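Okay, structure first, notes after.
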Amino acid sequence: MTSVQETPVSQETDGLVGWIIEAKGEVWLKREQWSDYRRITVGTKLYPGDLLQPAGGARVLVQCANGTTIWSVPAGVISGATNGCPPQAVPVFRTGGDIAPLRNGINPLIPFIISPRRTKLLNPLPTLRWNAVPSAIRYAVSLIVDEEDVLWETQVEGTEVVYSGESPLESGVDYLLMIEANTGASSLEDDSPDLGFSLLDENEATVVREAVEQLVKLDLADETKSLALAHLYRVHDLKAEAIAILEALVKLGSKTVAVYRTLGELYTEVGLNLLAQKYYLKAMELTKSEDIEG
């Protein structure tokens with residue numbers, strides 16, 4: 001019989017412990033409310049009281065909810081989820097406001113902002129993206145500060161442009177991207193709340209950069225490393241960076257359900273429900289019948 005060693009968990013703790021970022025071989029999970037073990041896979045979130053049982057020879061990696069710690073779960077034995085990851089006292093992922101109504105982010109006739117919106121930024125030279133408007137051939141791009149002052153503006157023919165940095169972004173300042181198509185359609189017609197963004201505080205940015213350096217040095221498969229980086233960014237409310245990493249995996253043809261499901265969650269958080277639906281549907285399409293969590 002396999003013995004179970006479970007780290008005691010405070011009754012107050014109701015946050016995430018972590019999520020599985022790699023599962024080579026079979027791995028089973030038993031939650032406190034479940035009567036038996038069930039097969040799970042990459043992307044499964046772990047909570048206090050969960051028990052993991054990887055098959056002998058399996059390689060299972062858990063990224064802890066702090067985003068920085070990677071736990072290699074012992075194969076062939078039962079381990080409590082908190083054996084390798086400290087539980088968080090509060091839920092990790094928070095939105096910058098209320099979830100947007102379902103109508104938001106679904107009007108194809110306006111150049112609604114795709115990125116950055118409802119996010120912090122680590123990169124002070126972000127790629128600005130918006131929806132393509134039918135018949136539009138040119139877009140006026142404006143970066144607004146303090147709700148009314150134009151910090152920077154340009155005109156482009158495509159639907160994205162990299163911020164020039166002529167006026168450096170500053171932490172603690174709220175910015176808003178505004179797009180107007182030559183057809184007259186404007187991103188201001190999107191009535192989603194909290195469409196702005198800001199640069200991450202420099203102290204927190206230093207912590208994130210150091211954590212990124214450590215993750216990059218780990219011996220992880222490319223997709224595993226990308227998932228870990230996306231989760232790290234998400235922990236620090238860097239939704240735009242997390243989305244960019246996961247969409248790069250999509251372009252490479254990823255078949256991992258967690259990639260699409262997480263993109264669905266992220267796009268829901270930023271109020272783009274049309275894009276969220278697209279990725280949720282793809283996740284459902286890829287989910288296998290035995291993947292209970294999926």
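Labels used: A, B, ... for chains in the order of the structure tokens, numbers from 1 for residues in each chain, and numbers from 1 for ligands as shown.
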
So that I can see what lies close to Val150 (chain A), please list as a ChimeraX atom specification the residues with an atom at most 10 Å from it, counting only C-alpha atoms and leaving out residues fewer than 5 positions away in the same chain. /A:142-145,175-178

Spatial neighbours of Tyr267 (chain A), 12 Å, only C-alpha atoms, chain gap at least 4 places, as a ChimeraX atom specification: /A:95,99-100,102,104-106,113-119,234,239-240,242-244,246-247,260-263,271-280

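Contact shell of region 128-132 of chain A at 9 Å (only C-alpha atoms; same-chain neighbours under 4 positions omitted): Pro108, Leu109, Ile110, Pro111, Phe112, Ile113, Ile114, Ser115, Pro116, Ala136, Gly158, Thr159, Glu160, Val161, Val162, Tyr163, Leu177, Ile179, Ala181 and Ser187 of chain A.
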
Name the residues of region 13-239 of chain A that fall into strand (DSSP E or B) according to DSSP on the backbone, using the chain letters and numbers of this document, as a PyMOL selection string. chain A and resi 18-24+27-30+38-39+45-46+51-54+59-64+70-73+79-80+113-115+119-121+127-130+139-145+149-156+160-162+171+175-181+186+197-199

Restricted to C-alpha atoms, what would the selected residues look like written as a short mmCIF file (atom, residue, chain, number, x, y, z; two decimals), in the first residue's frame?
data_model
loop_
_atom_site.label_atom_id
_atom_site.label_comp_id
_atom_site.auth_asym_id
_atom_site.auth_seq_id
_atom_site.Cartn_x
_atom_site.Cartn_y
_atom_site.Cartn_z
CA GLY A 18 -0.70 25.40 -8.84
CA TRP A 19 -1.35 23.80 -12.22
CA ILE A 20 0.12 20.95 -14.21
CA ILE A 21 2.37 22.19 -17.03
CA GLU A 22 3.77 18.83 -18.16
CA ALA A 23 2.41 15.28 -17.96
CA LYS A 24 4.33 12.57 -19.74
CA VAL A 27 -1.36 10.85 -13.93
CA TRP A 28 -4.43 10.60 -11.70
CA LEU A 29 -6.00 13.14 -9.39
CA LYS A 30 -8.38 12.86 -6.44
CA ARG A 38 -9.56 10.38 -12.25
CA ARG A 39 -7.18 10.72 -15.16
CA LYS A 45 -5.50 23.37 -11.61
CA LEU A 46 -4.63 22.05 -8.15
CA LEU A 51 -3.96 14.12 -4.20
CA LEU A 52 -1.78 13.34 -7.22
CA GLN A 53 -0.71 9.86 -8.30
CA PRO A 54 1.59 9.74 -11.36
CA ARG A 59 7.12 12.83 -15.55
CA VAL A 60 4.71 15.34 -14.04
CA LEU A 61 5.62 18.98 -13.47
CA VAL A 62 3.53 21.41 -11.44
CA GLN A 63 4.03 25.15 -11.57
CA CYS A 64 3.19 26.57 -8.17
CA ILE A 70 8.38 24.23 -10.52
CA TRP A 71 7.69 20.98 -8.63
CA SER A 72 8.56 17.60 -10.12
CA VAL A 73 5.95 15.24 -8.64
CA SER A 79 1.50 13.11 -3.09
CA GLY A 80 -0.60 15.89 -1.65
CA ILE A 113 -8.82 47.14 -29.01
CA ILE A 114 -7.34 43.65 -28.85
CA SER A 115 -4.14 44.51 -27.00
CA THR A 119 -3.60 44.62 -18.41
CA LYS A 120 -0.27 45.56 -16.93
CA LEU A 121 2.75 45.63 -19.23
CA THR A 127 2.61 45.86 -29.95
CA LEU A 128 -0.73 47.64 -30.29
CA ARG A 129 -3.46 45.53 -31.96
CA TRP A 130 -7.06 46.09 -32.93
CA TYR A 139 -6.31 53.81 -39.08
CA ALA A 140 -5.43 56.75 -36.86
CA VAL A 141 -3.73 55.47 -33.70
CA SER A 142 -3.61 57.58 -30.53
CA LEU A 143 -2.18 56.82 -27.12
CA ILE A 144 -4.09 58.74 -24.47
CA VAL A 145 -2.85 59.59 -20.97
CA ASP A 149 -4.02 64.13 -23.34
CA VAL A 150 -2.57 62.63 -26.52
CA LEU A 151 0.85 61.21 -25.72
CA TRP A 152 1.57 59.79 -29.16
CA GLU A 153 -0.20 59.32 -32.48
CA THR A 154 0.42 57.82 -35.88
CA GLN A 155 -1.42 56.45 -38.92
CA VAL A 156 -1.07 52.92 -40.30
CA GLU A 160 -1.11 46.59 -35.49
CA VAL A 161 1.86 48.82 -34.77
CA VAL A 162 4.71 48.75 -32.25
CA SER A 171 4.72 53.04 -14.18
CA TYR A 175 -2.93 54.78 -20.65
CA LEU A 176 -5.67 54.21 -23.20
CA LEU A 177 -5.27 53.17 -26.82
CA MET A 178 -7.71 54.80 -29.25
CA ILE A 179 -8.20 53.74 -32.87
CA GLU A 180 -10.24 55.49 -35.56
CA ALA A 181 -10.72 53.93 -38.99
CA SER A 186 -13.89 54.22 -33.55
CA PHE A 197 -3.40 49.60 -19.37
CA SER A 198 -0.35 50.56 -17.32
CA LEU A 199 3.31 49.68 -17.00
#

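Shortest separation to Val173 (chain A) among A:Ala185, A:Val17, A:Asp146, A:Asp191 occurs at residue A:Asp146, atoms counted being only C-alpha atoms.
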